[in-house]
>>> print(open('entry-v9.cif').read())   # mmCIF, C-alpha atoms and all ligand atoms
data_model
#
loop_
_atom_site.label_atom_id
_atom_site.label_comp_id
_atom_site.auth_asym_id
_atom_site.auth_seq_id
_atom_site.Cartn_x
_atom_site.Cartn_y
_atom_site.Cartn_z
CA MET V 1 72.14 80.51 263.63
CA TRP V 2 71.29 77.46 265.72
CA ASP V 3 69.94 74.08 264.68
CA ASP V 4 67.32 72.00 266.50
CA ASN V 5 70.01 70.59 268.84
CA GLY V 6 71.17 74.06 269.84
CA GLN V 7 74.34 73.76 267.74
CA GLU V 8 75.63 77.20 266.79
CA TYR V 9 76.60 78.04 263.17
CA LEU V 10 78.30 81.04 261.62
CA ASP V 11 76.29 82.01 258.53
CA LEU V 12 78.57 83.42 255.82
CA TYR V 13 76.06 82.59 253.08
CA GLY V 14 73.03 84.58 254.24
CA GLY V 15 70.65 82.35 252.28
CA HIS V 16 72.36 83.43 249.07
CA ALA V 17 73.17 87.08 249.83
CA VAL V 18 69.66 87.73 251.14
CA ILE V 19 70.35 88.30 254.83
CA SER V 20 71.89 91.75 254.59
CA ILE V 21 71.48 93.07 258.15
CA GLY V 22 71.38 89.78 260.09
CA HIS V 23 68.69 87.29 261.00
CA THR V 24 66.00 88.75 263.32
CA HIS V 25 67.64 92.18 263.49
CA PRO V 26 65.60 93.99 266.22
CA HIS V 27 64.88 97.12 264.15
CA TYR V 28 63.72 94.96 261.23
CA VAL V 29 61.50 92.80 263.42
CA LYS V 30 59.93 95.87 265.03
CA ARG V 31 59.35 97.68 261.71
CA LEU V 32 57.56 94.65 260.23
CA GLU V 33 55.61 93.90 263.41
CA ASP V 34 54.40 97.49 263.74
CA GLN V 35 53.36 97.52 260.08
CA LEU V 36 51.46 94.27 260.45
CA HIS V 37 49.37 95.85 263.21
CA LYS V 38 48.44 98.72 260.85
CA VAL V 39 47.89 97.15 257.41
CA GLY V 40 49.80 94.31 255.74
CA PHE V 41 48.57 94.64 252.18
CA TYR V 42 46.42 96.68 249.88
CA SER V 43 46.52 96.77 246.11
CA ASN V 44 48.34 99.27 243.93
CA SER V 45 45.00 100.70 242.88
CA ILE V 46 45.43 103.10 245.80
CA ARG V 47 48.36 105.40 246.64
CA ILE V 48 50.69 103.80 249.16
CA PRO V 49 52.72 106.51 250.94
CA LEU V 50 55.22 103.90 252.19
CA GLN V 51 56.28 103.35 248.55
CA GLU V 52 57.06 107.05 248.25
CA GLU V 53 58.99 106.93 251.52
CA LEU V 54 60.97 103.95 250.23
CA ALA V 55 61.65 105.58 246.84
CA SER V 56 63.02 108.69 248.48
CA LYS V 57 65.11 106.78 251.07
CA LEU V 58 66.51 104.52 248.35
CA GLY V 59 67.37 107.55 246.22
CA GLN V 60 69.14 109.15 249.15
CA VAL V 61 71.12 106.09 250.31
CA SER V 62 72.03 105.01 246.77
CA GLY V 63 72.94 108.54 245.70
CA LYS V 64 70.50 108.41 242.74
CA GLU V 65 67.90 110.85 244.01
CA ASP V 66 66.31 111.65 240.65
CA TYR V 67 65.70 107.95 239.80
CA GLN V 68 62.19 106.46 239.78
CA LEU V 69 61.26 103.24 241.54
CA PHE V 70 59.10 100.31 240.36
CA LEU V 71 58.56 97.59 242.95
CA CYS V 72 58.02 93.88 242.34
CA ASN V 73 58.74 90.58 244.07
CA SER V 74 61.87 88.77 242.87
CA GLY V 75 65.14 89.29 241.05
CA ALA V 76 63.92 87.59 237.88
CA GLU V 77 60.80 89.75 237.84
CA ALA V 78 62.93 92.88 238.31
CA ASN V 79 65.05 91.94 235.27
CA GLU V 80 61.96 91.04 233.20
CA ASN V 81 60.59 94.50 233.86
CA ALA V 82 63.92 96.20 233.21
CA LEU V 83 64.24 94.49 229.81
CA LYS V 84 60.62 95.19 228.93
CA LEU V 85 60.96 98.84 229.92
CA ALA V 86 64.09 99.19 227.78
CA SER V 87 62.21 97.81 224.80
CA PHE V 88 59.24 100.14 225.41
CA TYR V 89 61.72 103.02 225.62
CA ASN V 90 63.59 102.53 222.33
CA GLY V 91 61.19 100.23 220.47
CA ARG V 92 63.94 97.65 219.82
CA LYS V 93 64.29 93.92 220.49
CA LYS V 94 67.91 92.84 220.78
CA ILE V 95 69.68 92.42 224.09
CA ILE V 96 73.38 91.97 224.81
CA SER V 97 74.28 89.71 227.72
CA PHE V 98 77.57 88.09 228.75
CA ARG V 99 79.13 84.67 229.21
CA LYS V 100 78.46 83.15 232.66
CA ALA V 101 75.69 85.67 233.32
CA PHE V 102 72.80 84.76 235.62
CA HIS V 103 69.70 86.96 235.56
CA GLY V 104 66.89 84.64 236.74
CA ARG V 105 64.73 81.71 235.67
CA THR V 106 61.67 83.25 234.02
CA SER V 107 61.00 84.07 230.37
CA LEU V 108 63.40 86.84 229.21
CA ALA V 109 65.48 86.72 232.40
CA VAL V 110 66.42 83.11 231.68
CA ALA V 111 66.91 83.86 227.96
CA VAL V 112 69.68 86.34 228.94
CA THR V 113 71.16 83.79 231.38
CA ASP V 114 74.14 81.86 230.02
CA ASN V 115 73.04 78.37 231.04
CA PRO V 116 71.29 76.36 228.30
CA GLY V 117 70.37 73.71 230.89
CA ILE V 118 67.74 75.99 232.47
CA VAL V 119 66.41 77.54 229.24
CA ALA V 120 63.25 75.71 228.06
CA PRO V 121 62.51 75.68 224.32
CA VAL V 122 59.74 78.23 224.87
CA ASN V 123 62.26 80.67 226.39
CA GLN V 124 64.66 80.53 223.45
CA THR V 125 64.82 83.70 221.39
CA PRO V 126 67.05 84.96 218.58
CA ASN V 127 67.03 88.40 220.23
CA VAL V 128 69.77 87.66 222.75
CA ILE V 129 73.46 88.05 221.89
CA PHE V 130 76.01 86.59 224.32
CA LEU V 131 79.44 88.23 224.32
CA PRO V 132 82.58 87.45 226.33
CA PHE V 133 82.69 89.19 229.74
CA ASN V 134 85.09 92.15 230.06
CA ASP V 135 85.94 92.04 226.33
CA GLU V 136 85.70 95.61 225.04
CA SER V 137 86.57 94.89 221.43
CA SER V 138 83.82 92.31 220.87
CA LEU V 139 81.32 94.69 222.48
CA GLU V 140 82.43 97.48 220.18
CA ALA V 141 82.27 95.22 217.13
CA CYS V 142 78.76 94.09 218.03
CA PHE V 143 77.51 97.68 218.39
CA LYS V 144 79.22 98.65 215.16
CA ALA V 145 77.45 95.83 213.29
CA GLN V 146 73.96 96.14 214.80
CA GLY V 147 73.96 99.05 217.29
CA ASN V 148 70.69 100.50 216.00
CA GLU V 149 68.90 97.26 216.82
CA ILE V 150 70.24 96.90 220.37
CA SER V 151 67.60 97.64 222.99
CA ALA V 152 69.64 96.92 226.12
CA VAL V 153 72.89 95.67 227.59
CA ILE V 154 72.42 93.74 230.85
CA ILE V 155 75.35 93.02 233.15
CA GLU V 156 76.03 92.06 236.77
CA GLY V 157 78.65 94.38 238.27
CA ILE V 158 80.03 91.28 239.95
CA GLN V 159 78.84 87.96 238.51
CA GLY V 160 77.54 85.85 241.38
CA VAL V 161 76.30 82.45 240.20
CA GLY V 162 78.98 82.57 237.46
CA GLY V 163 81.71 82.38 240.12
CA ILE V 164 82.39 85.95 241.44
CA ASN V 165 83.80 87.69 238.39
CA VAL V 166 84.20 91.46 238.72
CA ALA V 167 83.28 93.59 235.69
CA SER V 168 86.24 95.87 235.03
CA GLU V 169 85.73 99.60 235.41
CA SER V 170 86.79 100.27 231.82
CA PHE V 171 84.33 97.64 230.54
CA LEU V 172 81.45 99.30 232.41
CA GLN V 173 82.55 102.70 231.08
CA LYS V 174 82.62 101.27 227.55
CA ILE V 175 79.07 99.93 227.96
CA ARG V 176 77.98 103.39 229.13
CA SER V 177 79.52 105.20 226.18
CA LEU V 178 78.20 102.72 223.58
CA CYS V 179 74.69 102.80 225.09
CA ASP V 180 74.81 106.61 224.90
CA GLU V 181 76.04 106.58 221.33
CA TYR V 182 73.38 104.12 220.12
CA ASN V 183 70.51 105.06 222.48
CA ALA V 184 70.54 101.59 224.07
CA VAL V 185 69.61 101.05 227.73
CA PHE V 186 72.29 100.07 230.26
CA ILE V 187 70.77 97.64 232.79
CA ALA V 188 72.90 97.03 235.86
CA ASP V 189 71.75 93.77 237.45
CA SER V 190 72.40 94.50 241.10
CA VAL V 191 70.25 91.67 242.45
CA GLN V 192 73.18 89.97 244.17
CA CYS V 193 76.01 92.55 244.09
CA GLY V 194 73.84 95.57 245.01
CA TYR V 195 72.29 97.10 248.11
CA GLY V 196 75.66 97.94 249.67
CA ARG V 197 77.27 94.51 249.47
CA SER V 198 80.31 95.59 247.44
CA GLY V 199 81.09 98.55 249.72
CA LYS V 200 79.25 100.93 247.38
CA PHE V 201 75.46 100.89 247.01
CA TYR V 202 75.70 99.50 243.46
CA SER V 203 78.94 97.75 242.53
CA GLN V 204 78.83 99.49 239.13
CA ASP V 205 79.43 102.75 241.07
CA PHE V 206 83.14 101.84 241.25
CA ALA V 207 83.34 102.70 237.54
CA GLY V 208 82.06 106.23 238.18
CA ILE V 209 79.14 105.82 235.76
CA ASN V 210 75.35 105.73 236.09
CA ALA V 211 73.35 102.88 234.57
CA ASP V 212 69.89 103.60 233.15
CA ILE V 213 68.19 100.89 235.19
CA TYR V 214 69.39 99.08 238.34
CA SER V 215 67.58 95.87 239.24
CA MET V 216 67.66 94.78 242.89
CA ALA V 217 66.24 92.04 245.11
CA LYS V 218 67.97 89.61 247.55
CA GLY V 219 69.44 91.87 250.29
CA MET V 220 66.71 94.46 249.78
CA GLY V 221 64.24 92.88 252.20
CA ASN V 222 66.58 90.84 254.45
CA GLY V 223 64.42 87.79 253.70
CA PHE V 224 61.09 89.43 252.93
CA PRO V 225 60.39 88.84 249.19
CA VAL V 226 60.76 92.24 247.58
CA ALA V 227 62.52 93.54 244.48
CA GLY V 228 62.61 96.62 242.33
CA ILE V 229 64.09 98.58 239.49
CA SER V 230 65.53 102.05 239.90
CA ILE V 231 65.00 103.97 236.66
CA ALA V 232 66.84 107.01 235.28
CA PRO V 233 64.72 110.12 234.72
CA ARG V 234 65.24 110.04 230.94
CA ILE V 235 62.99 106.94 230.80
CA GLN V 236 59.51 108.34 231.21
CA PRO V 237 56.78 106.14 232.73
CA LYS V 238 53.29 105.76 231.29
CA HIS V 239 50.31 104.46 233.21
CA TYR V 240 49.90 100.65 232.99
CA MET V 241 53.32 100.17 231.34
CA LEU V 242 54.41 97.91 234.22
CA GLY V 243 52.39 96.47 237.05
CA THR V 244 52.00 93.75 239.67
CA THR V 245 49.58 92.85 242.43
CA PHE V 246 51.95 92.21 245.31
CA GLY V 247 54.81 94.52 244.33
CA GLY V 248 55.44 97.31 246.82
CA ASN V 249 52.93 96.06 249.39
CA HIS V 250 53.04 97.60 252.85
CA LEU V 251 55.07 94.82 254.47
CA ALA V 252 57.60 94.72 251.61
CA CYS V 253 58.11 98.48 251.91
CA ALA V 254 58.49 98.27 255.70
CA ALA V 255 61.11 95.51 255.31
CA SER V 256 63.06 97.44 252.65
CA LEU V 257 62.94 100.66 254.65
CA ALA V 258 64.15 98.85 257.78
CA VAL V 259 67.15 97.50 255.81
CA LEU V 260 68.04 100.94 254.41
CA GLU V 261 67.73 102.53 257.85
CA VAL V 262 70.10 100.00 259.38
CA ILE V 263 72.56 100.31 256.46
CA GLU V 264 72.59 104.06 256.99
CA GLN V 265 72.61 104.20 260.80
CA ASP V 266 75.27 101.53 261.22
CA ASN V 267 77.41 102.67 258.28
CA LEU V 268 77.24 99.21 256.75
CA MET V 269 78.63 100.10 253.34
CA ASN V 270 81.84 101.26 255.03
CA ASN V 271 81.87 98.09 257.10
CA ALA V 272 81.41 95.95 253.97
CA GLU V 273 84.36 97.68 252.35
CA GLU V 274 86.60 97.52 255.43
CA VAL V 275 85.92 93.92 256.46
CA GLY V 276 85.86 92.84 252.80
CA ASN V 277 89.25 94.40 252.03
CA TYR V 278 90.75 92.86 255.16
CA TRP V 279 89.30 89.45 254.31
CA ILE V 280 90.48 89.49 250.70
CA GLU V 281 94.03 90.48 251.74
CA GLU V 282 94.20 87.76 254.42
CA LEU V 283 92.73 85.11 252.09
CA LYS V 284 95.39 85.89 249.50
CA LYS V 285 98.05 84.91 252.07
CA LEU V 286 96.66 81.37 252.52
CA PRO V 287 98.27 78.42 250.74
CA LYS V 288 96.85 76.31 247.86
CA ILE V 289 94.11 78.81 246.82
CA LYS V 290 94.08 79.37 243.04
CA GLU V 291 92.54 82.84 243.14
CA VAL V 292 90.56 85.17 245.41
CA ARG V 293 88.07 87.42 243.59
CA GLY V 294 85.44 89.95 244.58
CA ARG V 295 84.74 93.22 246.27
CA GLY V 296 83.45 94.09 249.73
CA LEU V 297 81.41 91.22 251.15
CA MET V 298 81.01 89.35 247.87
CA ILE V 299 84.04 87.12 247.69
CA GLY V 300 84.91 84.02 245.68
CA ILE V 301 87.68 81.63 246.69
CA ASP V 302 88.76 79.49 243.77
CA LEU V 303 90.07 76.15 245.05
CA PRO V 304 91.89 73.45 243.12
CA GLU V 305 89.81 70.41 242.14
CA GLU V 306 91.41 68.12 244.78
CA LEU V 307 90.10 70.37 247.59
CA LYS V 308 86.45 69.88 246.71
CA ASP V 309 85.57 68.67 250.25
CA VAL V 310 86.65 71.89 251.94
CA LYS V 311 83.19 73.48 251.73
CA LYS V 312 81.54 70.39 253.25
CA ASN V 313 84.16 70.28 256.04
CA LEU V 314 83.66 73.96 256.82
CA LEU V 315 80.00 73.21 257.47
CA PHE V 316 80.18 69.86 259.27
CA LYS V 317 83.46 70.23 261.16
CA HIS V 318 83.69 73.98 261.70
CA LYS V 319 79.95 74.83 261.66
CA ILE V 320 80.32 77.56 259.05
CA PHE V 321 77.85 78.04 256.20
CA THR V 322 79.33 79.19 252.89
CA GLY V 323 77.99 79.36 249.33
CA GLU V 324 79.46 77.82 246.20
CA SER V 325 79.76 78.26 242.45
CA LYS V 326 80.49 75.33 240.21
CA PRO V 327 82.94 73.78 239.79
CA ASN V 328 84.99 74.71 242.84
CA VAL V 329 84.49 78.26 244.09
CA ILE V 330 83.52 79.00 247.70
CA ARG V 331 81.27 82.06 247.82
CA LEU V 332 81.17 84.35 250.85
CA LEU V 333 77.99 86.44 251.04
CA PRO V 334 77.54 87.29 254.73
CA ALA V 335 75.42 89.97 256.36
CA LEU V 336 76.89 93.45 255.89
CA ASN V 337 77.36 93.93 259.64
CA ILE V 338 79.78 91.03 260.03
CA GLY V 339 82.91 91.94 262.04
CA LYS V 340 86.60 91.10 261.73
CA LYS V 341 86.11 88.63 264.58
CA GLU V 342 83.83 86.46 262.41
CA ALA V 343 86.13 86.95 259.43
CA ASP V 344 88.99 85.59 261.56
CA ILE V 345 86.97 82.55 262.68
CA PHE V 346 86.55 81.67 259.02
CA LEU V 347 90.21 82.33 258.17
CA THR V 348 91.36 80.01 260.95
CA ALA V 349 88.97 77.23 259.90
CA LEU V 350 89.91 77.54 256.22
CA LYS V 351 93.63 77.58 257.02
CA THR V 352 93.23 74.36 259.02
CA GLU V 353 91.39 72.72 256.12
CA LEU V 354 93.94 73.85 253.54
CA GLU V 355 96.86 72.63 255.64
CA ASN V 356 95.27 69.25 256.39
CA ASN V 357 94.06 68.36 252.90
C1 LIG O 401 72.50 88.46 239.56
C2 LIG O 401 71.17 87.80 239.74
N1 LIG O 401 70.14 88.25 239.02
C3 LIG O 401 68.91 87.71 239.15
C4 LIG O 401 68.68 86.67 240.02
C5 LIG O 401 67.30 86.08 240.14
O1 LIG O 401 66.73 86.44 241.36
P1 LIG O 401 65.47 85.62 241.94
O2 LIG O 401 65.95 84.28 242.32
O3 LIG O 401 65.00 86.45 243.10
O4 LIG O 401 64.45 85.58 240.85
C6 LIG O 401 69.74 86.17 240.79
C7 LIG O 401 69.54 85.03 241.71
O5 LIG O 401 70.44 84.34 242.12
C8 LIG O 401 71.02 86.75 240.64
O6 LIG O 401 72.07 86.29 241.33
#
>>> encode(input="entry-v9.cif", output="structure tokens")
Amino acid sequence: MWDDNGQEYLDLYGGHAVISIGHTHPHYVKRLEDQLHKVGFYSNSIRIPLQEELASKLGQVSGKEDYQLFLCNSGAEANENALKLASFYNGRKKIISFRKAFHGRTSLAVAVTDNPGIVAPVNQTPNVIFLPFNDESSLEACFKAQGNEISAVIIEGIQGVGGINVASESFLQKIRSLCDEYNAVFIADSVQCGYGRSGKFYSQDFAGINADIYSMAKGMGNGFPVAGISIAPRIQPKHYMLGTTFGGNHLACAASLAVLEVIEQDNLMNNAEEVGNYWIEELKKLPKIKEVRGRGLMIGIDLPEELKDVKKNLLFKHKIFTGESKPNVIRLLPALNIGKKEADIFLTALKTELENN
């Protein structure tokens, strides 16, 4: 990226994991431009073949070909619809969420977010149960006590806003088996960790299980506002159950298809895994860092309190954008086609900062 003075920056933040295939990627620009010359929008009262094309491409690239697709406009809206659909499905009200979870800022999405500071009184509900992350015994105890009231369990495969915390494979497997036993719905929030970022299409795939609903947004449209939920076949749709005016419009579908095409053609999930593994290994060799967490191109670098200026220095001295999680985690969320060359530029800059502070 360049600023108004022509100063070049390396963007390792991607506007919060949104820029998945790079700013102004030529295939993306062409796909959207061509679509704009045909039709930009028409309502969901007509059939939109591009939505079917997107559903089948998403099924193919994600490996969940029998899943259904509902399209909407933001991550919060995707989670709202996932939670609502779960409740329609089993007729229940209670939802299990986890400490440090972030699922969005609207109604139910914010109610299942573990941050009282952004929950308005009107969003508060007794239906949400917060449990410790990666703690199998408290999850089991909760299901044992009230399993027949639990509508859904919602979890990020890798917590983003909460500071890059990876859900363990055995925890995800435990959620799967308890949801099966009690007919609850497993919602995998893949808004930040999905769409190939972890090296697999959904980060929950590492556990070798299928969730019932995957919510996605951010990297899906490479900057075009689009989101969706991918729904297992056992959850049957009914007309008018879910809906939205803008969701799945022609431009949103063109943007999402362009992203999937580039991910597939350029083998970007493999690249995310390869560059991510390299980066994590190299970061672990640097001094002073408390911990390096993450998977693929979703990485958190936990710094000690006294190094709180490092992020600022990376931007102003080294011209590198990074993300953060409070209190002191640097978050790397670059485009999935980043190379080792860019990874090395960051490693050199960070090493300099760590040695000089
Ligand atoms: C895991 C997760 N879920 C949901 C959301 C909400 O997405 P949006 O801001 O598009 O509503 C976010 C946003 O940061 C997120 O990280």
>>> closest_residue(input="entry-v9.cif", among="V:Thr244, V:Leu283, V:Gly63, V:Thr106", to="Leu347 (chain V)", atoms="only C-alpha atoms")
V:Leu283
>>> residues_around(input="entry-v9.cif", residues="Lys319 (chain V)", least_positions_apart="2", cutoff="8 Å", atoms="all atoms listed in the file", output="ChimeraX atom specification")
/V:8-10,314-317,321
>>> residues_near_ligand(input="entry-v9.cif", ligand="ligand LIG 401 (chain O)", cutoff="6 Å", atoms="only C-alpha atoms and all ligand atoms", output="MDAnalysis selection string")
chainID V and resid 74:76 102:104 156 160:161 189 191:192
>>> write_last_selection(input="entry-v9.cif", atoms="C-alpha atoms", output="mmCIF file, in the frame of the given file")
data_model
loop_
_atom_site.group_PDB
_atom_site.id
_atom_site.type_symbol
_atom_site.label_atom_id
_atom_site.label_comp_id
_atom_site.auth_asym_id
_atom_site.auth_seq_id
_atom_site.Cartn_x
_atom_site.Cartn_y
_atom_site.Cartn_z
ATOM 1 C CA SER V 74 61.870 88.770 242.870
ATOM 2 C CA GLY V 75 65.140 89.290 241.050
ATOM 3 C CA ALA V 76 63.920 87.590 237.880
ATOM 4 C CA PHE V 102 72.800 84.760 235.620
ATOM 5 C CA HIS V 103 69.700 86.960 235.560
ATOM 6 C CA GLY V 104 66.890 84.640 236.740
ATOM 7 C CA GLU V 156 76.030 92.060 236.770
ATOM 8 C CA GLY V 160 77.540 85.850 241.380
ATOM 9 C CA VAL V 161 76.300 82.450 240.200
ATOM 10 C CA ASP V 189 71.750 93.770 237.450
ATOM 11 C CA VAL V 191 70.250 91.670 242.450
ATOM 12 C CA GLN V 192 73.180 89.970 244.170
#
>>> closest_residue(input="entry-v9.cif", among="V:Leu36, V:Tyr89, V:Phe346, V:Ile21", to="Pro237 (chain V)", atoms="only C-alpha atoms")
V:Tyr89
>>> axis_aligned_box(input="entry-v9.cif", around="region 245-254 of chain V", padding_each_side="4 Å", output="AutoDock Vina command-line options")
--center_x 54.0 --center_y 95.3 --center_z 249.1 --size_x 16.9 --size_y 14.3 --size_z 21.3
>>> residues_near_point(input="entry-v9.cif", point="(98.0, 78.6, 253.5)", cutoff="8 Å", atoms="all atoms listed in the file", output="NGL selection string")
:V and (285-289 or 351 or 354-355)
>>> atom_distance(input="entry-v9.cif", atom1="CA of Thr348 (chain V)", atom2="CA of Ile330 (chain V)")
15.4 Å
>>> closest_residue(input="entry-v9.cif", among="V:Asn313, V:Gly323, V:Asn165, V:Phe143", to="Ala349 (chain V)", atoms="all atoms listed in the file")
V:Asn313
>>> residues_around(input="entry-v9.cif", residues="Asn90 (chain V)", least_positions_apart="4", cutoff="8 Å", atoms="only C-alpha atoms", output="PyMOL selection string")
chain V and resi 86+151+183-184
>>> closest_residue(input="entry-v9.cif", among="V:Val39, V:Leu69, V:Leu58, V:Ile299", to="Val166 (chain V)", atoms="only C-alpha atoms")
V:Ile299
>>> closest_residue(input="entry-v9.cif", among="V:Ala227, V:Ala109, V:Leu50, V:Val310", to="Thr352 (chain V)", atoms="only C-alpha atoms")
V:Val310
>>> closest_residue(input="entry-v9.cif", among="V:Ser170, V:Asn277, V:Ser56, V:Asn44", to="Ala343 (chain V)", atoms="only C-alpha atoms")
V:Asn277
>>> residues_around(input="entry-v9.cif", residues="Thr113 (chain V)", least_positions_apart="2", cutoff="12 Å", atoms="only C-alpha atoms", output="PyMOL selection string")
chain V and resi 76+79-80+95-111+115-120+123-125+128-131+154-156+159+161-162+189
>>> atom_distance(input="entry-v9.cif", atom1="CA of Phe41 (chain V)", atom2="CA of Gly221 (chain V)")
15.8 Å
>>> atom_distance(input="entry-v9.cif", atom1="CA of Gly223 (chain V)", atom2="CA of Phe206 (chain V)")
26.5 Å
>>> residues_around(input="entry-v9.cif", residues="Asp11 (chain V)", least_positions_apart="3", cutoff="9 Å", atoms="only C-alpha atoms", output="MDAnalysis selection string")
chainID V and resid 1 14:15 319:322 333:335
